[in-house]
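Enquirer: Just so it is clear, I am handing over query25.csv, which has CSV, C-alpha atoms.
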chain,number,residue,atom,x,y,z
A,1,MET,CA,-82.9,-45.4,-53.9
A,2,HIS,CA,-79.8,-47.4,-53.2
A,3,ARG,CA,-80.2,-51.2,-53.7
A,4,LEU,CA,-78.0,-54.1,-52.7
A,5,LYS,CA,-75.7,-55.2,-55.5
A,6,ILE,CA,-74.9,-58.8,-56.3
A,7,ARG,CA,-71.2,-58.0,-56.0
A,8,GLN,CA,-71.7,-56.8,-52.4
A,9,LEU,CA,-73.6,-59.9,-51.4
A,10,GLU,CA,-71.0,-62.2,-53.2
A,11,CYS,CA,-68.2,-60.5,-51.3
A,12,PHE,CA,-70.2,-60.9,-48.0
A,13,LEU,CA,-70.8,-64.6,-48.6
A,14,VAL,CA,-67.2,-65.4,-49.4
A,15,TYR,CA,-66.0,-63.5,-46.3
A,16,MET,CA,-68.5,-65.3,-44.1
A,17,LYS,CA,-67.4,-68.7,-45.5
A,18,THR,CA,-63.6,-68.0,-45.2
A,19,GLY,CA,-63.5,-65.5,-42.3
A,20,SER,CA,-60.9,-63.5,-44.2
A,21,VAL,CA,-61.1,-60.3,-46.2
A,22,THR,CA,-57.8,-61.2,-47.9
A,23,VAL,CA,-59.1,-64.5,-49.1
A,24,ALA,CA,-62.4,-62.9,-50.2
A,25,ALA,CA,-60.4,-60.4,-52.2
A,26,GLN,CA,-58.4,-63.1,-53.8
A,27,GLU,CA,-61.4,-65.2,-54.8
A,28,LEU,CA,-63.2,-62.2,-56.2
A,29,HIS,CA,-60.0,-61.0,-58.1
A,30,THR,CA,-59.9,-57.6,-56.3
A,31,THR,CA,-57.8,-55.9,-53.7
A,32,GLN,CA,-58.2,-56.2,-49.9
A,33,PRO,CA,-59.1,-52.5,-49.5
A,34,ASN,CA,-61.8,-52.9,-52.2
A,35,ALA,CA,-63.2,-55.9,-50.5
A,36,SER,CA,-63.4,-54.1,-47.2
A,37,LYS,CA,-65.0,-51.1,-48.9
A,38,THR,CA,-67.6,-53.4,-50.5
A,39,LEU,CA,-68.5,-54.9,-47.2
A,40,LYS,CA,-68.9,-51.5,-45.7
A,41,GLN,CA,-71.0,-50.3,-48.6
A,42,MET,CA,-73.3,-53.3,-48.0
A,43,GLU,CA,-73.8,-52.4,-44.4
A,44,THR,CA,-74.7,-48.8,-45.4
A,45,THR,CA,-77.1,-50.1,-48.1
A,46,LEU,CA,-78.9,-52.3,-45.6
A,47,GLY,CA,-78.7,-50.0,-42.7
A,48,VAL,CA,-77.8,-52.9,-40.4
A,49,PRO,CA,-74.5,-53.5,-38.6
A,50,LEU,CA,-73.1,-56.7,-40.0
A,51,PHE,CA,-69.7,-56.6,-38.4
A,52,SER,CA,-68.1,-55.4,-35.2
A,53,ARG,CA,-64.6,-54.0,-35.7
A,54,SER,CA,-61.8,-54.5,-33.2
A,55,GLY,CA,-58.0,-54.4,-33.8
A,56,GLY,CA,-58.5,-54.2,-37.5
A,57,LYS,CA,-60.5,-57.4,-37.6
A,58,LEU,CA,-64.2,-58.0,-38.5
A,59,ARG,CA,-66.5,-60.1,-36.4
A,60,PRO,CA,-69.9,-61.1,-37.8
A,61,THR,CA,-72.9,-59.9,-35.9
A,62,PRO,CA,-76.0,-62.1,-35.3
A,63,GLU,CA,-77.7,-60.2,-38.1
A,64,ALA,CA,-74.8,-61.2,-40.4
A,65,GLU,CA,-75.3,-64.9,-39.5
A,66,LEU,CA,-79.0,-64.7,-40.3
A,67,LEU,CA,-78.3,-62.9,-43.6
A,68,TYR,CA,-75.7,-65.5,-44.5
A,69,GLU,CA,-78.4,-68.2,-44.5
A,70,HIS,CA,-80.7,-66.3,-46.8
A,71,GLY,CA,-77.8,-65.2,-49.1
A,72,GLN,CA,-76.7,-68.8,-49.5
A,73,ARG,CA,-80.2,-69.8,-50.7
A,74,LEU,CA,-80.3,-66.9,-53.1
A,75,PHE,CA,-77.0,-67.8,-54.7
A,76,GLN,CA,-78.2,-71.4,-55.0
A,77,GLN,CA,-81.2,-70.2,-56.9
A,78,LEU,CA,-78.9,-68.0,-59.1
A,79,ALA,CA,-76.7,-71.0,-59.9
A,80,LEU,CA,-79.8,-72.9,-61.0
A,81,ILE,CA,-80.9,-70.0,-63.3
A,82,GLU,CA,-77.4,-69.9,-64.8
A,83,SER,CA,-77.6,-73.6,-65.6
A,84,PHE,CA,-80.9,-73.2,-67.5
A,85,GLY,CA,-79.2,-73.4,-70.9
A,86,LEU,CA,-77.9,-76.9,-70.1
A,87,GLU,CA,-80.0,-79.9,-71.0
A,88,THR,CA,-79.2,-81.4,-67.6
A,89,SER,CA,-80.3,-78.3,-65.7
A,90,PRO,CA,-82.6,-79.2,-62.8
A,91,LEU,CA,-84.9,-76.3,-63.9
A,92,ARG,CA,-85.7,-78.1,-67.1
A,93,ARG,CA,-87.0,-81.2,-65.2
A,94,LEU,CA,-90.2,-81.6,-63.2
A,95,SER,CA,-89.3,-80.9,-59.6
A,96,LEU,CA,-91.0,-81.0,-56.2
A,97,ARG,CA,-89.6,-79.4,-53.1
A,98,ILE,CA,-90.9,-80.6,-49.8
A,99,ALA,CA,-90.2,-79.3,-46.3
A,100,THR,CA,-91.3,-81.6,-43.5
A,101,LEU,CA,-91.1,-82.2,-39.8
A,102,ALA,CA,-88.9,-85.1,-38.6
A,103,THR,CA,-92.1,-86.8,-37.5
A,104,PHE,CA,-93.1,-87.3,-41.2
A,105,GLY,CA,-89.7,-87.2,-42.8
A,106,GLY,CA,-88.6,-90.5,-41.2
A,107,ALA,CA,-91.2,-92.8,-42.7
A,108,LEU,CA,-94.3,-91.2,-44.2
A,109,VAL,CA,-92.6,-89.1,-46.8
A,110,PRO,CA,-90.2,-91.8,-48.0
A,111,MET,CA,-93.1,-94.2,-48.4
A,112,ALA,CA,-95.1,-91.7,-50.4
A,113,ILE,CA,-92.1,-90.9,-52.6
A,114,GLU,CA,-91.6,-94.6,-53.3
A,115,ILE,CA,-95.2,-95.0,-54.4
A,116,TYR,CA,-95.4,-91.8,-56.4
A,117,GLY,CA,-92.0,-92.2,-58.0
A,118,GLU,CA,-93.2,-95.3,-59.8
A,119,SER,CA,-95.5,-93.2,-61.9
A,120,GLN,CA,-93.2,-90.2,-62.2
A,121,PRO,CA,-89.7,-91.6,-62.7
A,122,ASP,CA,-88.3,-88.3,-64.1
A,123,LEU,CA,-89.6,-86.2,-61.2
A,124,GLN,CA,-86.8,-84.6,-59.2
A,125,LEU,CA,-87.5,-84.5,-55.5
A,126,GLN,CA,-86.0,-82.4,-52.8
A,127,VAL,CA,-87.0,-83.2,-49.2
A,128,ASP,CA,-85.6,-81.2,-46.2
A,129,VAL,CA,-86.4,-81.8,-42.6
A,130,LEU,CA,-86.9,-78.5,-40.8
A,131,ASP,CA,-88.7,-77.1,-37.7
A,132,GLY,CA,-92.3,-75.9,-38.0
A,133,GLN,CA,-91.6,-72.2,-38.0
A,134,LYS,CA,-89.0,-72.4,-40.8
A,135,ILE,CA,-91.4,-74.6,-42.8
A,136,HIS,CA,-94.1,-71.9,-42.6
A,137,THR,CA,-91.7,-69.1,-43.5
A,138,LEU,CA,-90.0,-70.9,-46.4
A,139,VAL,CA,-93.2,-72.2,-48.0
A,140,ALA,CA,-94.6,-68.6,-47.8
A,141,GLN,CA,-91.5,-67.4,-49.5
A,142,GLY,CA,-92.0,-69.9,-52.3
A,143,LEU,CA,-88.8,-71.8,-51.6
A,144,TYR,CA,-90.7,-75.0,-51.1
A,145,ASP,CA,-93.8,-76.3,-53.0
A,146,PHE,CA,-95.4,-77.5,-49.8
A,147,GLY,CA,-94.7,-78.4,-46.2
A,148,LEU,CA,-95.9,-81.0,-43.7
A,149,VAL,CA,-96.5,-79.7,-40.2
A,150,HIS,CA,-98.7,-80.6,-37.2
A,151,SER,CA,-100.6,-77.4,-36.7
A,152,PRO,CA,-100.6,-75.0,-39.8
A,153,VAL,CA,-100.7,-71.3,-39.2
A,154,GLU,CA,-103.2,-69.5,-41.5
A,155,ASN,CA,-102.0,-66.4,-43.3
A,156,GLU,CA,-102.5,-64.8,-46.7
A,157,ASP,CA,-99.2,-66.3,-48.1
A,158,VAL,CA,-100.0,-70.0,-47.2
A,159,THR,CA,-102.9,-72.2,-47.9
A,160,SER,CA,-103.3,-75.2,-45.6
A,161,LYS,CA,-105.2,-78.5,-46.1
A,162,THR,CA,-105.8,-81.1,-43.4
A,163,LEU,CA,-104.6,-84.5,-44.5
A,164,ALA,CA,-105.4,-86.4,-41.4
A,165,LYS,CA,-106.6,-86.0,-37.8
A,166,SER,CA,-105.7,-88.1,-34.8
A,167,ILE,CA,-105.9,-88.4,-31.1
A,168,ILE,CA,-102.8,-87.4,-29.2
A,169,VAL,CA,-101.6,-89.8,-26.6
A,170,CYS,CA,-100.7,-88.6,-23.1
A,171,LEU,CA,-97.9,-90.5,-21.4
A,172,LEU,CA,-98.0,-90.5,-17.6
A,173,PRO,CA,-95.9,-92.0,-14.9
A,174,ARG,CA,-97.4,-94.9,-12.9
A,175,GLY,CA,-99.2,-93.7,-9.9
A,176,HIS,CA,-100.1,-90.3,-11.4
A,177,ALA,CA,-103.5,-89.0,-10.4
A,178,LEU,CA,-104.7,-89.0,-14.0
A,179,ALA,CA,-103.2,-92.4,-15.0
A,180,ASP,CA,-106.3,-94.4,-14.4
A,181,ARG,CA,-108.5,-92.3,-16.6
A,182,LYS,CA,-109.5,-93.7,-20.0
A,183,ARG,CA,-109.9,-90.2,-21.4
A,184,ILE,CA,-108.0,-87.0,-20.5
A,185,THR,CA,-109.3,-83.6,-21.6
A,186,ALA,CA,-107.1,-80.6,-22.1
A,187,SER,CA,-108.5,-78.9,-19.0
A,188,ASP,CA,-107.3,-81.9,-16.9
A,189,LEU,CA,-103.7,-80.9,-17.7
A,190,ALA,CA,-104.1,-77.3,-16.4
A,191,GLY,CA,-101.4,-76.7,-13.8
A,192,GLU,CA,-99.6,-79.9,-14.8
A,193,LYS,CA,-95.9,-80.0,-15.9
A,194,VAL,CA,-95.9,-81.2,-19.5
A,195,ILE,CA,-93.3,-82.0,-22.1
A,196,SER,CA,-94.3,-80.5,-25.4
A,197,TYR,CA,-92.9,-79.6,-28.8
A,198,PRO,CA,-89.7,-77.5,-28.8
A,199,SER,CA,-89.2,-73.9,-29.8
A,200,ALA,CA,-92.0,-72.6,-27.6
A,201,PRO,CA,-91.1,-70.2,-24.8
A,202,LYS,CA,-90.9,-71.9,-21.4
A,203,THR,CA,-93.8,-70.0,-20.0
A,204,ALA,CA,-96.0,-71.0,-23.0
A,205,ARG,CA,-95.2,-74.7,-23.2
A,206,ALA,CA,-98.3,-75.9,-21.5
A,207,GLN,CA,-100.5,-73.6,-23.6
A,208,SER,CA,-98.7,-74.7,-26.8
A,209,PHE,CA,-99.3,-78.3,-25.9
A,210,LEU,CA,-103.0,-77.8,-25.2
A,211,SER,CA,-103.6,-75.8,-28.3
A,212,SER,CA,-102.1,-78.7,-30.4
A,213,VAL,CA,-104.6,-81.2,-28.9
A,214,LEU,CA,-107.0,-82.2,-31.6
A,215,GLY,CA,-110.6,-81.8,-30.7
A,216,GLY,CA,-109.7,-80.7,-27.2
A,217,HIS,CA,-108.9,-84.2,-26.1
A,218,VAL,CA,-105.7,-86.1,-25.3
I'd like the structure from this file rewritten - as structure tokens, please.

Expert:
Amino acid sequence: MHRLKIRQLECFLVYMKTGSVTVAAQELHTTQPNASKTLKQMETTLGVPLFSRSGGKLRPTPEAELLYEHGQRLFQQLALIESFGLETSPLRRLSLRIATLATFGGALVPMAIEIYGESQPDLQLQVDVLDGQKIHTLVAQGLYDFGLVHSPVENEDVTSKTLAKSIIVCLLPRGHALADRKRITASDLAGEKVISYPSAPKTARAQSFLSSVLGGHV
């Protein structure tokens, strides 16, 4: 079984960064034909078209753009591993990697870090603000120690724990038929146009909003 080689991925990353096979060949101390051959071999190994070819030029496909993100993270991890022999290596220090929604990343997480950091001054912290779907995926892949989201998705690769529950507030324009009610249930919003969290398909926005309502109340 043919497997992807580090050299192929390295060539791919340099090309994606520079946009030039010639520059990629120079940085990898090889010839341009060899660099082109390496990229072609990588496509064959993966079985996915990474480039469209026109007029002797390569143009990355959407699959290549997606792979580039994952490849960068992989090489960052390899760089950490290679630094393990150094006393200053991050791998030899206690570390905590947190992925969070912007909702929590602006105030809650910094306050928690300030308090916790007093008792753990040597702890190395990495906090990244991402969207909910990426947080689920990257935590499941082990690239973060934990993530903070609104509505966790249960699966075999992720364990979730509820930290807090709250009532979601519904904002309405003055004069709206529901504006005078002290309490609005999820069913009251059926058929109403709502502004909800991003990333949901247009036809599913109302459903996504209602499913996020805690306890079925807004």

Enquirer: Which is closest to A:Gly71 among A:Lys17, A:Lys134, A:Arg181, A:Lys165, if we use all atoms listed in the file?

Expert: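 Going through A:Lys17, A:Lys134, A:Arg181, A:Lys165 one by one, the smallest distance to A:Gly71 is for A:Lys17.
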
Enquirer: Determine, counting only C-alpha atoms, which protein, DNA and RNA residues have an atom within 9 Å of an atom of A:Pro33; residues of the same chain fewer than 6 positions away are not included. Present the result as a PyMOL selection string.

Expert: chain A and resi 21-22+25

Enquirer: Suppose you want the space between atom CA of A:Gln32 and atom CA of A:Leu80; what is it in Å?

Expert: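 Separation between atom CA of A:Gln32 and atom CA of A:Leu80: 29.5 Å.
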
Enquirer: Ranking A:Gln77, A:Thr61, A:Ser196, A:Ser187 by minimum distance to A:Leu143 and counting all atoms listed in the file, which one comes first?

Expert: A:Gln77

Enquirer: Within 6 Å of A:Ile98, counting all atoms listed in the file, which residues qualify if same-chain residues fewer than 6 places away don't, as a ChimeraX atom specification?

Expert: /A:127,144,146-147

Enquirer: Would you work out the distance separating atom CA of A:Tyr116 from atom CA of A:Asp128, expressed in Å to one decimal?

Expert: 17.7 Å

Enquirer: What separation in Å, quoted to one decimal, exists between atom CA of A:Ile113 and atom CA of A:Leu163?

Expert: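 Result for atom CA of A:Ile113 versus atom CA of A:Leu163: 16.2 Å, one decimal.
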
Enquirer: When distances are computed from all atoms listed in the file, which of A:Thr137, A:Thr103, A:Ile184, A:His176 shows the smallest separation from A:His150?

Expert: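 Result for the nearest residue to A:His150: A:Thr103.
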
Enquirer: How about completing stretch 43-79 of chain A with N, CA and C atoms and giving it to me as a PDB file, in the coordinates of the input?

Expert:
ATOM      1  N   GLU A  43     -73.205 -52.765 -45.643  1.00  0.00           N
ATOM      2  CA  GLU A  43     -73.800 -52.400 -44.400  1.00  0.00           C
ATOM      3  C   GLU A  43     -74.570 -51.062 -44.507  1.00  0.00           C
ATOM      4  N   THR A  44     -73.994 -50.113 -45.235  1.00  0.00           N
ATOM      5  CA  THR A  44     -74.700 -48.800 -45.400  1.00  0.00           C
ATOM      6  C   THR A  44     -75.951 -48.991 -46.225  1.00  0.00           C
ATOM      7  N   THR A  45     -75.911 -49.845 -47.243  1.00  0.00           N
ATOM      8  CA  THR A  45     -77.100 -50.100 -48.100  1.00  0.00           C
ATOM      9  C   THR A  45     -78.232 -50.689 -47.255  1.00  0.00           C
ATOM     10  N   LEU A  46     -77.896 -51.658 -46.409  1.00  0.00           N
ATOM     11  CA  LEU A  46     -78.900 -52.300 -45.600  1.00  0.00           C
ATOM     12  C   LEU A  46     -79.314 -51.554 -44.378  1.00  0.00           C
ATOM     13  N   GLY A  47     -78.412 -50.714 -43.902  1.00  0.00           N
ATOM     14  CA  GLY A  47     -78.700 -50.000 -42.700  1.00  0.00           C
ATOM     15  C   GLY A  47     -78.675 -50.820 -41.441  1.00  0.00           C
ATOM     16  N   VAL A  48     -77.920 -51.914 -41.509  1.00  0.00           N
ATOM     17  CA  VAL A  48     -77.800 -52.900 -40.400  1.00  0.00           C
ATOM     18  C   VAL A  48     -76.342 -53.163 -40.146  1.00  0.00           C
ATOM     19  N   PRO A  49     -75.862 -53.095 -38.903  1.00  0.00           N
ATOM     20  CA  PRO A  49     -74.500 -53.500 -38.600  1.00  0.00           C
ATOM     21  C   PRO A  49     -74.238 -54.942 -38.831  1.00  0.00           C
ATOM     22  N   LEU A  50     -73.368 -55.293 -39.756  1.00  0.00           N
ATOM     23  CA  LEU A  50     -73.100 -56.700 -40.000  1.00  0.00           C
ATOM     24  C   LEU A  50     -71.817 -57.189 -39.373  1.00  0.00           C
ATOM     25  N   PHE A  51     -70.968 -56.235 -38.967  1.00  0.00           N
ATOM     26  CA  PHE A  51     -69.700 -56.600 -38.400  1.00  0.00           C
ATOM     27  C   PHE A  51     -69.359 -55.676 -37.211  1.00  0.00           C
ATOM     28  N   SER A  52     -68.700 -56.238 -36.213  1.00  0.00           N
ATOM     29  CA  SER A  52     -68.100 -55.400 -35.200  1.00  0.00           C
ATOM     30  C   SER A  52     -66.603 -55.353 -35.510  1.00  0.00           C
ATOM     31  N   ARG A  53     -65.993 -54.209 -35.348  1.00  0.00           N
ATOM     32  CA  ARG A  53     -64.600 -54.000 -35.700  1.00  0.00           C
ATOM     33  C   ARG A  53     -63.734 -53.784 -34.516  1.00  0.00           C
ATOM     34  N   SER A  54     -62.691 -54.626 -34.393  1.00  0.00           N
ATOM     35  CA  SER A  54     -61.800 -54.500 -33.200  1.00  0.00           C
ATOM     36  C   SER A  54     -60.398 -54.951 -33.669  1.00  0.00           C
ATOM     37  N   GLY A  55     -59.421 -54.071 -33.439  1.00  0.00           N
ATOM     38  CA  GLY A  55     -58.000 -54.400 -33.800  1.00  0.00           C
ATOM     39  C   GLY A  55     -57.844 -54.683 -35.260  1.00  0.00           C
ATOM     40  N   GLY A  56     -58.625 -54.019 -36.098  1.00  0.00           N
ATOM     41  CA  GLY A  56     -58.500 -54.200 -37.500  1.00  0.00           C
ATOM     42  C   GLY A  56     -59.148 -55.488 -38.046  1.00  0.00           C
ATOM     43  N   LYS A  57     -59.869 -56.211 -37.167  1.00  0.00           N
ATOM     44  CA  LYS A  57     -60.500 -57.400 -37.600  1.00  0.00           C
ATOM     45  C   LYS A  57     -62.045 -57.279 -37.553  1.00  0.00           C
ATOM     46  N   LEU A  58     -62.712 -58.013 -38.430  1.00  0.00           N
ATOM     47  CA  LEU A  58     -64.200 -58.000 -38.500  1.00  0.00           C
ATOM     48  C   LEU A  58     -64.738 -59.224 -37.804  1.00  0.00           C
ATOM     49  N   ARG A  59     -65.780 -59.017 -37.023  1.00  0.00           N
ATOM     50  CA  ARG A  59     -66.500 -60.100 -36.400  1.00  0.00           C
ATOM     51  C   ARG A  59     -67.963 -60.041 -36.778  1.00  0.00           C
ATOM     52  N   PRO A  60     -68.515 -61.093 -37.377  1.00  0.00           N
ATOM     53  CA  PRO A  60     -69.900 -61.100 -37.800  1.00  0.00           C
ATOM     54  C   PRO A  60     -70.879 -60.859 -36.641  1.00  0.00           C
ATOM     55  N   THR A  61     -71.895 -60.066 -36.850  1.00  0.00           N
ATOM     56  CA  THR A  61     -72.900 -59.900 -35.900  1.00  0.00           C
ATOM     57  C   THR A  61     -74.009 -60.954 -36.055  1.00  0.00           C
ATOM     58  N   PRO A  62     -74.933 -61.116 -35.099  1.00  0.00           N
ATOM     59  CA  PRO A  62     -76.000 -62.100 -35.300  1.00  0.00           C
ATOM     60  C   PRO A  62     -76.834 -61.796 -36.562  1.00  0.00           C
ATOM     61  N   GLU A  63     -76.957 -60.507 -36.907  1.00  0.00           N
ATOM     62  CA  GLU A  63     -77.700 -60.200 -38.100  1.00  0.00           C
ATOM     63  C   GLU A  63     -76.954 -60.700 -39.366  1.00  0.00           C
ATOM     64  N   ALA A  64     -75.608 -60.684 -39.311  1.00  0.00           N
ATOM     65  CA  ALA A  64     -74.800 -61.200 -40.400  1.00  0.00           C
ATOM     66  C   ALA A  64     -75.017 -62.716 -40.578  1.00  0.00           C
ATOM     67  N   GLU A  65     -75.075 -63.419 -39.445  1.00  0.00           N
ATOM     68  CA  GLU A  65     -75.300 -64.900 -39.500  1.00  0.00           C
ATOM     69  C   GLU A  65     -76.622 -65.211 -40.118  1.00  0.00           C
ATOM     70  N   LEU A  66     -77.647 -64.437 -39.753  1.00  0.00           N
ATOM     71  CA  LEU A  66     -79.000 -64.700 -40.300  1.00  0.00           C
ATOM     72  C   LEU A  66     -79.000 -64.367 -41.808  1.00  0.00           C
ATOM     73  N   LEU A  67     -78.377 -63.262 -42.188  1.00  0.00           N
ATOM     74  CA  LEU A  67     -78.300 -62.900 -43.600  1.00  0.00           C
ATOM     75  C   LEU A  67     -77.566 -63.894 -44.424  1.00  0.00           C
ATOM     76  N   TYR A  68     -76.560 -64.498 -43.818  1.00  0.00           N
ATOM     77  CA  TYR A  68     -75.700 -65.500 -44.500  1.00  0.00           C
ATOM     78  C   TYR A  68     -76.582 -66.669 -44.998  1.00  0.00           C
ATOM     79  N   GLU A  69     -77.503 -67.132 -44.138  1.00  0.00           N
ATOM     80  CA  GLU A  69     -78.400 -68.200 -44.500  1.00  0.00           C
ATOM     81  C   GLU A  69     -79.217 -67.889 -45.738  1.00  0.00           C
ATOM     82  N   HIS A  70     -79.825 -66.686 -45.700  1.00  0.00           N
ATOM     83  CA  HIS A  70     -80.700 -66.300 -46.800  1.00  0.00           C
ATOM     84  C   HIS A  70     -79.838 -66.033 -48.078  1.00  0.00           C
ATOM     85  N   GLY A  71     -78.646 -65.480 -47.910  1.00  0.00           N
ATOM     86  CA  GLY A  71     -77.800 -65.200 -49.100  1.00  0.00           C
ATOM     87  C   GLY A  71     -77.350 -66.501 -49.744  1.00  0.00           C
ATOM     88  N   GLN A  72     -77.059 -67.525 -48.958  1.00  0.00           N
ATOM     89  CA  GLN A  72     -76.700 -68.800 -49.500  1.00  0.00           C
ATOM     90  C   GLN A  72     -77.803 -69.380 -50.410  1.00  0.00           C
ATOM     91  N   ARG A  73     -79.029 -69.310 -49.883  1.00  0.00           N
ATOM     92  CA  ARG A  73     -80.200 -69.800 -50.700  1.00  0.00           C
ATOM     93  C   ARG A  73     -80.359 -69.036 -51.939  1.00  0.00           C
ATOM     94  N   LEU A  74     -80.159 -67.716 -51.867  1.00  0.00           N
ATOM     95  CA  LEU A  74     -80.300 -66.900 -53.100  1.00  0.00           C
ATOM     96  C   LEU A  74     -79.295 -67.275 -54.129  1.00  0.00           C
ATOM     97  N   PHE A  75     -78.047 -67.494 -53.747  1.00  0.00           N
ATOM     98  CA  PHE A  75     -77.000 -67.800 -54.700  1.00  0.00           C
ATOM     99  C   PHE A  75     -77.223 -69.254 -55.266  1.00  0.00           C
ATOM    100  N   GLN A  76     -77.814 -70.129 -54.470  1.00  0.00           N
ATOM    101  CA  GLN A  76     -78.200 -71.400 -55.000  1.00  0.00           C
ATOM    102  C   GLN A  76     -79.195 -71.327 -56.095  1.00  0.00           C
ATOM    103  N   GLN A  77     -80.158 -70.430 -55.896  1.00  0.00           N
ATOM    104  CA  GLN A  77     -81.200 -70.200 -56.900  1.00  0.00           C
ATOM    105  C   GLN A  77     -80.560 -69.561 -58.171  1.00  0.00           C
ATOM    106  N   LEU A  78     -79.621 -68.632 -57.972  1.00  0.00           N
ATOM    107  CA  LEU A  78     -78.900 -68.000 -59.100  1.00  0.00           C
ATOM    108  C   LEU A  78     -78.149 -69.035 -59.908  1.00  0.00           C
ATOM    109  N   ALA A  79     -77.509 -69.971 -59.205  1.00  0.00           N
ATOM    110  CA  ALA A  79     -76.700 -71.000 -59.900  1.00  0.00           C
ATOM    111  C   ALA A  79     -77.669 -71.890 -60.738  1.00  0.00           C
TER     112      ALA A  79
END
